[in-house]
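Shown below: run.cif, with mmCIF, C-alpha atoms and all ligand atoms.
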```cif
data_data
loop_
_atom_site.group_PDB
_atom_site.id
_atom_site.type_symbol
_atom_site.label_atom_id
_atom_site.label_comp_id
_atom_site.auth_asym_id
_atom_site.auth_seq_id
_atom_site.Cartn_x
_atom_site.Cartn_y
_atom_site.Cartn_z
ATOM 1 C CA MET N 1 -9.773 -16.218 6.185
ATOM 2 C CA LYS N 2 -8.957 -19.907 6.051
ATOM 3 C CA GLU N 3 -10.560 -20.889 2.749
ATOM 4 C CA PHE N 4 -9.432 -19.232 -0.464
ATOM 5 C CA LYS N 5 -10.775 -21.343 -3.307
ATOM 6 C CA GLY N 6 -13.501 -19.483 -5.223
ATOM 7 C CA THR N 7 -13.096 -16.248 -3.244
ATOM 8 C CA VAL N 8 -12.559 -12.908 -4.992
ATOM 9 C CA ALA N 9 -9.633 -10.508 -4.548
ATOM 10 C CA VAL N 10 -9.324 -6.919 -5.750
ATOM 11 C CA VAL N 11 -5.704 -5.760 -5.938
ATOM 12 C CA THR N 12 -4.953 -2.119 -6.707
ATOM 13 C CA GLY N 13 -1.619 -1.411 -8.314
ATOM 14 C CA GLY N 14 -2.009 -5.011 -9.480
ATOM 15 C CA ALA N 15 -0.193 -4.612 -12.788
ATOM 16 C CA SER N 16 3.312 -4.494 -11.315
ATOM 17 C CA GLY N 17 5.637 -5.297 -8.428
ATOM 18 C CA ILE N 18 4.118 -6.187 -5.070
ATOM 19 C CA GLY N 19 0.492 -6.004 -6.278
ATOM 20 C CA LEU N 20 1.103 -8.426 -9.131
ATOM 21 C CA ALA N 21 3.039 -10.762 -6.821
ATOM 22 C CA MET N 22 0.141 -10.841 -4.354
ATOM 23 C CA ALA N 23 -2.299 -11.572 -7.194
ATOM 24 C CA GLN N 24 -0.074 -14.366 -8.539
ATOM 25 C CA ARG N 25 0.147 -15.964 -5.096
ATOM 26 C CA PHE N 26 -3.610 -15.692 -4.484
ATOM 27 C CA ALA N 27 -4.240 -17.249 -7.910
ATOM 28 C CA LEU N 28 -2.405 -20.409 -6.847
ATOM 29 C CA GLU N 29 -5.044 -20.822 -4.111
ATOM 30 C CA GLY N 30 -7.898 -20.605 -6.621
ATOM 31 C CA VAL N 31 -8.775 -16.983 -5.852
ATOM 32 C CA ARG N 32 -10.548 -15.135 -8.682
ATOM 33 C CA LEU N 33 -8.812 -11.858 -9.391
ATOM 34 C CA VAL N 34 -9.609 -8.271 -10.193
ATOM 35 C CA LEU N 35 -6.446 -6.347 -11.005
ATOM 36 C CA ALA N 36 -6.929 -2.583 -10.823
ATOM 37 C CA ASP N 37 -4.271 -0.248 -12.159
ATOM 38 C CA ILE N 38 -3.866 3.108 -13.839
ATOM 39 C CA GLU N 39 -1.589 1.654 -16.570
ATOM 40 C CA GLN N 40 -3.715 0.006 -19.258
ATOM 41 C CA GLU N 41 -0.876 -1.729 -21.100
ATOM 42 C CA ALA N 42 0.786 -3.252 -18.045
ATOM 43 C CA LEU N 43 -2.633 -4.251 -16.726
ATOM 44 C CA ASP N 44 -3.550 -6.075 -19.942
ATOM 45 C CA ALA N 45 -0.229 -7.913 -19.897
ATOM 46 C CA ALA N 46 -0.649 -8.934 -16.229
ATOM 47 C CA VAL N 47 -4.196 -10.215 -16.776
ATOM 48 C CA LYS N 48 -3.144 -12.116 -19.906
ATOM 49 C CA GLY N 49 -0.268 -13.727 -18.000
ATOM 50 C CA LEU N 50 -2.592 -14.943 -15.237
ATOM 51 C CA GLN N 51 -5.191 -16.206 -17.700
ATOM 52 C CA ALA N 52 -2.513 -18.033 -19.702
ATOM 53 C CA GLU N 53 -1.674 -19.969 -16.520
ATOM 54 C CA GLY N 54 -5.317 -20.978 -16.207
ATOM 55 C CA HIS N 55 -6.362 -18.482 -13.534
ATOM 56 C CA GLU N 56 -9.547 -16.414 -13.489
ATOM 57 C CA ALA N 57 -8.675 -12.730 -13.761
ATOM 58 C CA ILE N 58 -10.030 -9.462 -15.095
ATOM 59 C CA GLY N 59 -8.405 -6.034 -15.279
ATOM 60 C CA VAL N 60 -10.096 -2.719 -14.504
ATOM 61 C CA VAL N 61 -8.344 0.535 -15.322
ATOM 62 C CA THR N 62 -8.655 2.509 -12.106
ATOM 63 C CA ASP N 63 -7.287 5.697 -10.614
ATOM 64 C CA VAL N 64 -7.401 5.059 -6.861
ATOM 65 C CA SER N 65 -7.091 8.780 -6.107
ATOM 66 C CA ASP N 66 -10.520 9.292 -7.710
ATOM 67 C CA LEU N 67 -13.534 8.136 -5.655
ATOM 68 C CA ALA N 68 -15.773 7.652 -8.710
ATOM 69 C CA SER N 69 -13.127 5.427 -10.296
ATOM 70 C CA VAL N 70 -12.963 3.215 -7.164
ATOM 71 C CA GLN N 71 -16.760 3.034 -7.066
ATOM 72 C CA ALA N 72 -16.724 1.903 -10.700
ATOM 73 C CA LEU N 73 -14.121 -0.726 -9.732
ATOM 74 C CA LYS N 74 -16.511 -2.136 -7.133
ATOM 75 C CA GLU N 75 -19.387 -2.205 -9.641
ATOM 76 C CA ARG N 76 -17.248 -4.016 -12.208
ATOM 77 C CA THR N 77 -16.092 -6.526 -9.564
ATOM 78 C CA LEU N 78 -19.673 -7.336 -8.525
ATOM 79 C CA GLU N 79 -20.733 -7.567 -12.159
ATOM 80 C CA ALA N 80 -17.985 -10.107 -12.864
ATOM 81 C CA TYR N 81 -17.967 -12.170 -9.673
ATOM 82 C CA GLY N 82 -20.891 -11.038 -7.465
ATOM 83 C CA LYS N 83 -18.753 -10.455 -4.361
ATOM 84 C CA VAL N 84 -15.389 -9.398 -2.986
ATOM 85 C CA ASN N 85 -13.464 -11.130 -0.196
ATOM 86 C CA ILE N 86 -9.956 -9.697 -0.290
ATOM 87 C CA LEU N 87 -9.136 -6.063 -0.931
ATOM 88 C CA CYS N 88 -5.500 -5.033 -1.310
ATOM 89 C CA ASN N 89 -5.169 -1.261 -1.203
ATOM 90 C CA ASN N 90 -1.707 -1.426 -2.686
ATOM 91 C CA ALA N 91 -1.319 1.162 -5.480
ATOM 92 C CA GLY N 92 1.415 3.592 -4.539
ATOM 93 C CA VAL N 93 3.940 6.118 -5.789
ATOM 94 C CA GLN N 94 6.982 7.724 -4.243
ATOM 95 C CA VAL N 95 8.625 11.139 -4.186
ATOM 96 C CA ALA N 96 11.672 12.129 -2.171
ATOM 97 C CA GLY N 97 13.490 15.281 -1.162
ATOM 98 C CA PRO N 98 13.629 17.964 1.544
ATOM 99 C CA SER N 99 10.101 18.698 2.840
ATOM 100 C CA TRP N 100 10.116 22.340 1.746
ATOM 101 C CA GLN N 101 11.400 21.570 -1.743
ATOM 102 C CA ILE N 102 8.848 18.934 -2.702
ATOM 103 C CA SER N 103 6.425 20.644 -5.085
ATOM 104 C CA ILE N 104 2.741 21.074 -4.261
ATOM 105 C CA GLY N 105 1.888 18.915 -7.276
ATOM 106 C CA GLN N 106 4.068 16.134 -5.857
ATOM 107 C CA TRP N 107 2.429 16.442 -2.420
ATOM 108 C CA GLN N 108 -1.074 16.324 -3.914
ATOM 109 C CA TRP N 109 -0.173 13.408 -6.158
ATOM 110 C CA ILE N 110 1.339 11.222 -3.439
ATOM 111 C CA LEU N 111 -1.389 12.006 -0.900
ATOM 112 C CA GLY N 112 -4.011 11.270 -3.570
ATOM 113 C CA VAL N 113 -2.650 7.873 -4.553
ATOM 114 C CA ASN N 114 -1.098 6.495 -1.350
ATOM 115 C CA LEU N 115 -3.460 7.852 1.306
ATOM 116 C CA TRP N 116 -6.726 8.807 -0.439
ATOM 117 C CA GLY N 117 -6.398 5.595 -2.474
ATOM 118 C CA ALA N 118 -6.576 3.497 0.709
ATOM 119 C CA ILE N 119 -9.338 5.711 2.151
ATOM 120 C CA HIS N 120 -11.389 5.321 -1.029
ATOM 121 C CA GLY N 121 -10.904 1.546 -1.002
ATOM 122 C CA ILE N 122 -12.137 1.266 2.577
ATOM 123 C CA HIS N 123 -15.023 3.680 2.048
ATOM 124 C CA VAL N 124 -16.272 1.808 -1.012
ATOM 125 C CA PHE N 125 -15.558 -1.860 -0.206
ATOM 126 C CA VAL N 126 -16.068 -2.266 3.563
ATOM 127 C CA PRO N 127 -19.875 -1.696 3.407
ATOM 128 C CA GLN N 128 -20.029 -4.336 0.666
ATOM 129 C CA MET N 129 -18.044 -6.812 2.788
ATOM 130 C CA LEU N 130 -20.221 -6.118 5.841
ATOM 131 C CA GLU N 131 -23.328 -6.708 3.775
ATOM 132 C CA GLN N 132 -21.963 -10.030 2.477
ATOM 133 C CA GLY N 133 -21.163 -11.203 6.022
ATOM 134 C CA ASP N 134 -18.722 -13.893 4.799
ATOM 135 C CA ALA N 135 -15.002 -14.127 5.572
ATOM 136 C CA CYS N 136 -13.118 -11.142 4.163
ATOM 137 C CA HIS N 137 -9.728 -9.494 4.569
ATOM 138 C CA ILE N 138 -8.238 -6.084 3.800
ATOM 139 C CA VAL N 139 -4.517 -5.628 3.182
ATOM 140 C CA ASN N 140 -3.297 -2.041 3.125
ATOM 141 C CA THR N 141 0.192 -1.550 1.733
ATOM 142 C CA SER N 142 2.159 0.845 3.901
ATOM 143 C CA SER N 143 5.939 0.569 4.264
ATOM 144 C CA MET N 144 8.676 0.655 6.894
ATOM 145 C CA SER N 145 8.278 4.361 6.086
ATOM 146 C CA GLY N 146 4.953 4.089 7.917
ATOM 147 C CA LEU N 147 6.769 3.309 11.176
ATOM 148 C CA VAL N 148 9.831 5.563 11.130
ATOM 149 C CA SER N 149 10.802 9.085 10.107
ATOM 150 C CA VAL N 150 14.008 9.705 8.152
ATOM 151 C CA PRO N 151 15.194 12.749 6.183
ATOM 152 C CA MET N 152 14.175 13.238 2.517
ATOM 153 C CA MET N 153 11.168 10.941 2.815
ATOM 154 C CA SER N 154 8.571 13.144 4.529
ATOM 155 C CA ALA N 155 5.961 13.130 1.753
ATOM 156 C CA TYR N 156 6.090 9.353 1.410
ATOM 157 C CA GLN N 157 6.175 8.898 5.192
ATOM 158 C CA VAL N 158 3.173 11.175 5.755
ATOM 159 C CA THR N 159 1.110 8.912 3.486
ATOM 160 C CA LYS N 160 2.474 5.643 4.854
ATOM 161 C CA HIS N 161 2.116 6.625 8.545
ATOM 162 C CA GLY N 162 -1.477 7.517 7.589
ATOM 163 C CA VAL N 163 -2.018 4.052 6.138
ATOM 164 C CA VAL N 164 -0.686 2.410 9.315
ATOM 165 C CA THR N 165 -2.982 4.324 11.659
ATOM 166 C CA LEU N 166 -5.931 3.864 9.277
ATOM 167 C CA SER N 167 -5.330 0.106 9.337
ATOM 168 C CA GLU N 168 -4.888 -0.073 13.118
ATOM 169 C CA SER N 169 -8.135 1.828 13.755
ATOM 170 C CA LEU N 170 -10.054 -0.089 11.098
ATOM 171 C CA SER N 171 -8.939 -3.399 12.583
ATOM 172 C CA GLN N 172 -10.206 -2.376 16.039
ATOM 173 C CA GLU N 173 -13.491 -0.986 14.677
ATOM 174 C CA LEU N 174 -14.262 -4.176 12.759
ATOM 175 C CA ALA N 175 -13.365 -6.312 15.780
ATOM 176 C CA GLN N 176 -15.723 -4.223 17.960
ATOM 177 C CA GLN N 177 -18.493 -4.910 15.435
ATOM 178 C CA LYS N 178 -17.614 -8.616 15.446
ATOM 179 C CA ALA N 179 -17.330 -8.349 11.657
ATOM 180 C CA SER N 180 -15.766 -11.276 9.810
ATOM 181 C CA ILE N 181 -13.267 -8.918 8.144
ATOM 182 C CA GLY N 182 -9.587 -9.136 9.052
ATOM 183 C CA VAL N 183 -7.097 -6.323 8.466
ATOM 184 C CA SER N 184 -3.383 -6.410 7.719
ATOM 185 C CA VAL N 185 -0.970 -3.588 7.105
ATOM 186 C CA LEU N 186 1.992 -4.493 4.926
ATOM 187 C CA CYS N 187 5.178 -2.681 5.950
ATOM 188 C CA PRO N 188 8.010 -3.715 3.625
ATOM 189 C CA TYR N 189 11.487 -2.284 3.423
ATOM 190 C CA PHE N 190 12.906 -2.448 -0.139
ATOM 191 C CA VAL N 191 11.297 -4.821 -2.657
ATOM 192 C CA GLN N 192 12.156 -5.272 -6.350
ATOM 193 C CA SER N 193 9.502 -3.405 -8.347
ATOM 194 C CA LYS N 194 9.072 -0.352 -10.557
ATOM 195 C CA LEU N 195 8.533 2.016 -7.618
ATOM 196 C CA HIS N 196 11.647 4.034 -8.522
ATOM 197 C CA GLU N 197 9.929 4.801 -11.856
ATOM 198 C CA ALA N 198 6.712 5.973 -10.156
ATOM 199 C CA GLU N 199 6.953 9.393 -11.820
ATOM 200 C CA ARG N 200 5.682 7.702 -15.014
ATOM 201 C CA ASN N 201 2.177 7.866 -13.537
ATOM 202 C CA ARG N 202 2.065 11.491 -12.313
ATOM 203 C CA PRO N 203 -0.942 13.054 -14.095
ATOM 204 C CA GLN N 204 -0.602 16.103 -16.301
ATOM 205 C CA HIS N 205 -2.533 18.449 -13.989
ATOM 206 C CA LEU N 206 -0.101 17.719 -11.134
ATOM 207 C CA GLN N 207 3.055 18.168 -13.214
ATOM 208 C CA ASP N 208 5.042 20.958 -11.611
ATOM 209 C CA ALA N 209 8.766 21.103 -11.107
ATOM 210 C CA SER N 210 10.179 20.675 -7.621
ATOM 211 C CA ASN N 211 12.616 23.397 -6.562
ATOM 212 C CA MET N 212 15.251 20.876 -5.605
ATOM 213 C CA GLY N 213 17.731 21.546 -8.341
ATOM 214 C CA GLY N 214 18.912 18.996 -10.849
ATOM 215 C CA GLN N 215 21.906 17.612 -8.973
ATOM 216 C CA LEU N 216 20.094 16.796 -5.744
ATOM 217 C CA GLU N 217 17.128 15.363 -7.633
ATOM 218 C CA GLN N 218 19.409 13.117 -9.712
ATOM 219 C CA ALA N 219 21.288 11.917 -6.619
ATOM 220 C CA ILE N 220 18.022 11.031 -4.856
ATOM 221 C CA LYS N 221 16.674 9.242 -7.933
ATOM 222 C CA HIS N 222 19.869 7.231 -8.238
ATOM 223 C CA SER N 223 19.837 6.103 -4.611
ATOM 224 C CA VAL N 224 16.098 5.181 -4.657
ATOM 225 C CA LYS N 225 16.750 3.095 -7.776
ATOM 226 C CA GLN N 226 19.697 1.313 -6.120
ATOM 227 C CA LEU N 227 17.635 0.529 -3.020
ATOM 228 C CA VAL N 228 14.518 -0.712 -4.866
ATOM 229 C CA THR N 229 16.383 -2.829 -7.411
ATOM 230 C CA GLY N 230 18.522 -4.286 -4.592
ATOM 231 C CA GLY N 231 15.428 -5.244 -2.583
ATOM 232 C CA ILE N 232 13.915 -8.659 -1.926
ATOM 233 C CA PRO N 233 11.883 -10.363 -4.686
ATOM 234 C CA ALA N 234 8.225 -9.310 -4.769
ATOM 235 C CA ALA N 235 7.195 -12.992 -4.798
ATOM 236 C CA ASP N 236 8.501 -13.332 -1.203
ATOM 237 C CA VAL N 237 6.112 -10.561 -0.173
ATOM 238 C CA GLY N 238 3.203 -12.267 -1.959
ATOM 239 C CA GLU N 239 3.850 -15.392 0.098
ATOM 240 C CA GLN N 240 3.977 -13.458 3.391
ATOM 241 C CA VAL N 241 0.747 -11.635 2.574
ATOM 242 C CA LEU N 242 -1.109 -14.887 1.923
ATOM 243 C CA GLU N 243 0.146 -16.311 5.254
ATOM 244 C CA ALA N 244 -0.853 -13.130 7.097
ATOM 245 C CA ILE N 245 -4.390 -13.301 5.708
ATOM 246 C CA ARG N 246 -4.623 -16.953 6.734
ATOM 247 C CA ASP N 247 -3.288 -16.150 10.239
ATOM 248 C CA ASP N 248 -5.282 -12.893 10.582
ATOM 249 C CA GLN N 249 -2.056 -11.052 11.343
ATOM 250 C CA LEU N 250 -2.211 -7.235 11.608
ATOM 251 C CA TYR N 251 1.404 -6.256 10.910
ATOM 252 C CA ILE N 252 3.297 -7.797 7.999
ATOM 253 C CA LEU N 253 6.984 -6.996 8.467
ATOM 254 C CA THR N 254 9.035 -8.308 5.578
ATOM 255 C CA HIS N 255 12.359 -7.153 7.050
ATOM 256 C CA PRO N 256 12.237 -7.803 10.830
ATOM 257 C CA GLU N 257 15.922 -6.797 11.087
ATOM 258 C CA ILE N 258 14.917 -3.164 10.372
ATOM 259 C CA VAL N 259 12.253 -3.012 13.078
ATOM 260 C CA PRO N 260 14.672 -1.981 15.896
ATOM 261 C CA VAL N 261 14.831 1.454 14.177
ATOM 262 C CA PHE N 262 11.144 1.753 15.043
ATOM 263 C CA GLY N 263 11.963 0.824 18.642
ATOM 264 C CA LYS N 264 14.487 3.693 18.800
ATOM 265 C CA ARG N 265 11.758 6.176 17.855
ATOM 266 C CA ALA N 266 9.524 4.826 20.628
ATOM 267 C CA GLU N 267 12.459 5.033 23.063
ATOM 268 C CA ARG N 268 13.051 8.719 22.186
ATOM 269 C CA ILE N 269 9.366 9.476 22.857
ATOM 270 C CA VAL N 270 9.499 7.674 26.216
ATOM 271 C CA GLU N 271 12.712 9.581 27.101
ATOM 272 C CA ALA N 272 10.992 12.885 26.264
ATOM 273 C CA ALA N 273 8.082 11.943 28.542
ATOM 274 C CA GLN N 274 10.523 11.041 31.328
ATOM 275 C CA ALA N 275 12.312 14.389 30.906
ATOM 276 C CA THR N 276 8.978 16.225 31.209
ATOM 277 C CA GLU N 277 8.146 14.278 34.361
ATOM 278 C CA ALA N 278 11.569 15.047 35.830
ATOM 279 C CA LYS N 279 11.073 18.789 35.124
ATOM 280 C CA ARG N 280 7.617 18.665 36.722
ATOM 281 C CA ALA N 281 9.006 16.933 39.786
ATOM 282 C CA ALA N 282 11.836 19.485 40.057
ATOM 283 C CA LYS N 283 9.337 22.377 39.916
ATOM 284 C CA GLY N 284 7.094 20.706 42.506
ATOM 285 C CA ALA N 285 10.001 20.072 44.866
HETATM 286 N N1 LIG G 301 9.117 -1.549 -3.696
HETATM 287 C C1 LIG G 301 9.423 -1.173 -2.474
HETATM 288 O O1 LIG G 301 10.599 -1.153 -2.091
HETATM 289 C C2 LIG G 301 8.328 -0.794 -1.516
HETATM 290 C C3 LIG G 301 8.632 -0.689 -0.155
HETATM 291 C C4 LIG G 301 7.633 -0.350 0.732
HETATM 292 C C5 LIG G 301 6.358 -0.124 0.282
HETATM 293 N N2 LIG G 301 6.078 -0.222 -1.063
HETATM 294 C C6 LIG G 301 4.709 0.033 -1.500
HETATM 295 O O2 LIG G 301 4.244 -1.056 -2.273
HETATM 296 C C7 LIG G 301 3.167 -0.634 -3.097
HETATM 297 C C8 LIG G 301 3.343 -1.198 -4.496
HETATM 298 O O3 LIG G 301 4.440 -0.577 -5.118
HETATM 299 P P1 LIG G 301 5.564 -1.372 -5.926
HETATM 300 O O4 LIG G 301 6.800 -1.266 -5.153
HETATM 301 O O5 LIG G 301 5.058 -2.700 -6.318
HETATM 302 O O6 LIG G 301 5.746 -0.385 -7.186
HETATM 303 P P2 LIG G 301 5.285 -0.532 -8.726
HETATM 304 O O7 LIG G 301 5.515 0.813 -9.340
HETATM 305 O O8 LIG G 301 5.947 -1.708 -9.324
HETATM 306 O O9 LIG G 301 3.732 -0.819 -8.606
HETATM 307 C C9 LIG G 301 2.795 0.191 -8.247
HETATM 308 C C10 LIG G 301 1.591 0.086 -9.154
HETATM 309 O O10 LIG G 301 0.645 1.106 -8.794
HETATM 310 C C11 LIG G 301 0.101 1.632 -9.995
HETATM 311 N N3 LIG G 301 -0.461 2.979 -9.774
HETATM 312 C C12 LIG G 301 0.206 4.163 -9.657
HETATM 313 N N4 LIG G 301 -0.667 5.162 -9.511
HETATM 314 C C13 LIG G 301 -1.914 4.620 -9.504
HETATM 315 C C14 LIG G 301 -3.208 5.153 -9.371
HETATM 316 N N5 LIG G 301 -3.427 6.476 -9.213
HETATM 317 N N6 LIG G 301 -4.266 4.303 -9.395
HETATM 318 C C15 LIG G 301 -4.068 2.972 -9.583
HETATM 319 N N7 LIG G 301 -2.854 2.414 -9.733
HETATM 320 C C16 LIG G 301 -1.786 3.223 -9.674
HETATM 321 C C17 LIG G 301 1.274 1.626 -10.979
HETATM 322 O O11 LIG G 301 0.843 1.701 -12.325
HETATM 323 C C18 LIG G 301 1.935 0.309 -10.625
HETATM 324 O O12 LIG G 301 1.440 -0.760 -11.421
HETATM 325 C C19 LIG G 301 3.171 0.895 -3.024
HETATM 326 O O13 LIG G 301 2.124 1.319 -2.152
HETATM 327 C C20 LIG G 301 4.515 1.216 -2.430
HETATM 328 O O14 LIG G 301 4.515 2.445 -1.746
HETATM 329 C C21 LIG G 301 7.039 -0.558 -1.959
#
```

Step by step, read the file and then write its structure as structure tokens.
Amino acid sequence: MKEFKGTVAVVTGGASGIGLAMAQRFALEGVRLVLADIEQEALDAAVKGLQAEGHEAIGVVTDVSDLASVQALKERTLEAYGKVNILCNNAGVQVAGPSWQISIGQWQWILGVNLWGAIHGIHVFVPQMLEQGDACHIVNTSSMSGLVSVPMMSAYQVTKHGVVTLSESLSQELAQQKASIGVSVLCPYFVQSKLHEAERNRPQHLQDASNMGGQLEQAIKHSVKQLVTGGIPAADVGEQVLEAIRDDQLYILTHPEIVPVFGKRAERIVEAAQATEAKRAAKGA
């Protein structure tokens, strides 16, 4: 997308952190905004803030883990603006801990928001964009956790690896169709936001206690908070996302210095393949 003025962006998780920063940056280009979020109060405040600065914005309370809610978001968007050009599947939550100690409620919650949320967004909005036929772009928020695997982060990583592969496939499928829809996958390391307080949005029916034990849980919470609050400002990410849409760039890597960790994973896989080949050769000899 090269022209932004008068286009329409839907940003999920738009009431806070990275989502709000993307919306604020788009607004400066004259993009009309639909902020979608599960938190009514924060959403109202975010929309009011944008409107007070003279931008066009509406808020739609949405639960991205619920298909009907995302369908209603599309209807409301079309009602207000008649089209959608940018979709940011950004709403996300985090849980941490040893894989076997994360509760089933936590697993269902994080898969529902982080992975099903992006799936729902694509399922509902891509047909609309194809029908419009004008320039569009989808930004899926993954994480560096979508490219690497570290201890204590399996639930989050499962969802974020899913978002990376979903984005990579989608990008190729749309290119094959010669659709005018670009795709980016945002893979940040730590960014200042309220992600460490994600638990505030876990719904009642998925409230079960993990079997981690208080001390471990507190230690994990403390370190996630330190990392998130010590991250880069969300506004920097908003700027990079706008540039990536303009440049039709697939991967948005906010912390290139971390990327070599990803290279190490690839190296270990290549080494494993080489070891298998060496064993094969030894058997054949
Ligand atoms: N902050 C970081 O360090 C970091 C790093 C990598 C990736 N991310 C990703 O960035 C995205 C945005 O998170 P953030 O860091 O800005 O955190 P945040 O908590 O500030 O914002 C997330 C927003 O999503 C909303 N939300 C939660 N559940 C929802 C649901 N079911 N439906 C709709 N909205 C829902 C929250 O109300 C909140 O406004 C997430 O996908 C997160 O995983 C964040």

*Nearest to Gly146 of chain N among N:Leu166, N:Ile58, N:Val126, N:Ala80, with distances taken over all atoms listed in the file: which residue is it?*
N:Leu166

*Which chains and residue numbers are within 8 Å of ligand LIG 301 (chain G), counting all atoms listed in the file, if I want them as number ranges by chain?*
N: 12-20, 36-39, 42-43, 61-66, 89-94, 112-114, 117, 141-145, 156, 160, 186-198, 201-202, 227-228, 231, 234

*Apply the PyMOL selection byres (((chain N and resi 71) around 10) and not hetatm) to the displayed file and report the matching residues as a ChimeraX atom specification.*
/N:62,64,66-70,72-77,120-121,123-125

_Env of segment 179-182 of chain N: 9 Å cut, atoms = all atoms listed in the file, seq-sep filter 2 positions within chain, self excluded. Answer as a list in words._
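The residues satisfying every condition are Met1, Asn85, Val126, Met129, Leu130, Gly133, Asp134, Ala135, Cys136, His137, Ile138, Val139, Ser171, Glu173, Leu174, Ala175, Gln176, Gln177, Ser184, Ile245, Asp248, Gln249 and Leu250 of chain N.
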
_Selection dump of the PyMOL selection byres (((chain N and resi 4) around 10) and not hetatm), as a VMD selection string_ = chain N and resid 1 to 3 5 to 9 26 to 32 85 to 86 135 242 245 to 246

Requested write-out: C-alpha atoms of the selected residues, as a PDB file, in the coordinates of the input:
```pdb
ATOM      1  CA  MET N   1      -9.773 -16.218   6.185  1.00  0.00           C
ATOM      2  CA  LYS N   2      -8.957 -19.907   6.051  1.00  0.00           C
ATOM      3  CA  GLU N   3     -10.560 -20.889   2.749  1.00  0.00           C
ATOM      4  CA  LYS N   5     -10.775 -21.343  -3.307  1.00  0.00           C
ATOM      5  CA  GLY N   6     -13.501 -19.483  -5.223  1.00  0.00           C
ATOM      6  CA  THR N   7     -13.096 -16.248  -3.244  1.00  0.00           C
ATOM      7  CA  VAL N   8     -12.559 -12.908  -4.992  1.00  0.00           C
ATOM      8  CA  ALA N   9      -9.633 -10.508  -4.548  1.00  0.00           C
ATOM      9  CA  PHE N  26      -3.610 -15.692  -4.484  1.00  0.00           C
ATOM     10  CA  ALA N  27      -4.240 -17.249  -7.910  1.00  0.00           C
ATOM     11  CA  LEU N  28      -2.405 -20.409  -6.847  1.00  0.00           C
ATOM     12  CA  GLU N  29      -5.044 -20.822  -4.111  1.00  0.00           C
ATOM     13  CA  GLY N  30      -7.898 -20.605  -6.621  1.00  0.00           C
ATOM     14  CA  VAL N  31      -8.775 -16.983  -5.852  1.00  0.00           C
ATOM     15  CA  ARG N  32     -10.548 -15.135  -8.682  1.00  0.00           C
ATOM     16  CA  ASN N  85     -13.464 -11.130  -0.196  1.00  0.00           C
ATOM     17  CA  ILE N  86      -9.956  -9.697  -0.290  1.00  0.00           C
ATOM     18  CA  ALA N 135     -15.002 -14.127   5.572  1.00  0.00           C
ATOM     19  CA  LEU N 242      -1.109 -14.887   1.923  1.00  0.00           C
ATOM     20  CA  ILE N 245      -4.390 -13.301   5.708  1.00  0.00           C
ATOM     21  CA  ARG N 246      -4.623 -16.953   6.734  1.00  0.00           C
TER      22      ARG N 246
END
```

*Expand the PyMOL selection byres (((chain N and resi 57) around 8) and not hetatm) into the individual residues it matches in the shown file, reporting them as number ranges by chain.*
N: 32-35, 47, 50-51, 55-56, 58-59

*For the atom pair atom CA of Val11 of chain N and atom CA of Gln207 of chain N, what is the interatomic distance in Å to one decimal place?*
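Atom CA of Gln207 of chain N lies at a distance of 26.5 Å from atom CA of Val11 of chain N.
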
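Between atom CA of Ala209 of chain N and atom CA of Gly105 of chain N lies a distance of 8.2 Å.
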
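Distances from N:Glu239, N:Ala219, N:Lys48, N:Glu168 to Ala21 of chain N were compared using all atoms listed in the file, and the smallest one belongs to N:Glu239.
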
Writing C-alpha atoms and nothing else, produce segment 44-56 of chain N as a CSV table (one decimal), in the first residue's frame.
```csv
chain,number,residue,atom,x,y,z
N,44,ASP,CA,-13.5,4.3,25.0
N,45,ALA,CA,-10.5,6.2,26.3
N,46,ALA,CA,-8.4,5.3,23.3
N,47,VAL,CA,-11.1,6.3,20.8
N,48,LYS,CA,-11.7,9.6,22.6
N,49,GLY,CA,-8.0,10.4,22.6
N,50,LEU,CA,-7.8,9.9,18.8
N,51,GLN,CA,-10.9,11.9,18.2
N,52,ALA,CA,-9.7,14.7,20.4
N,53,GLU,CA,-6.7,15.0,18.1
N,54,GLY,CA,-9.0,15.3,15.1
N,55,HIS,CA,-8.8,11.8,13.8
N,56,GLU,CA,-11.7,9.6,12.6
```
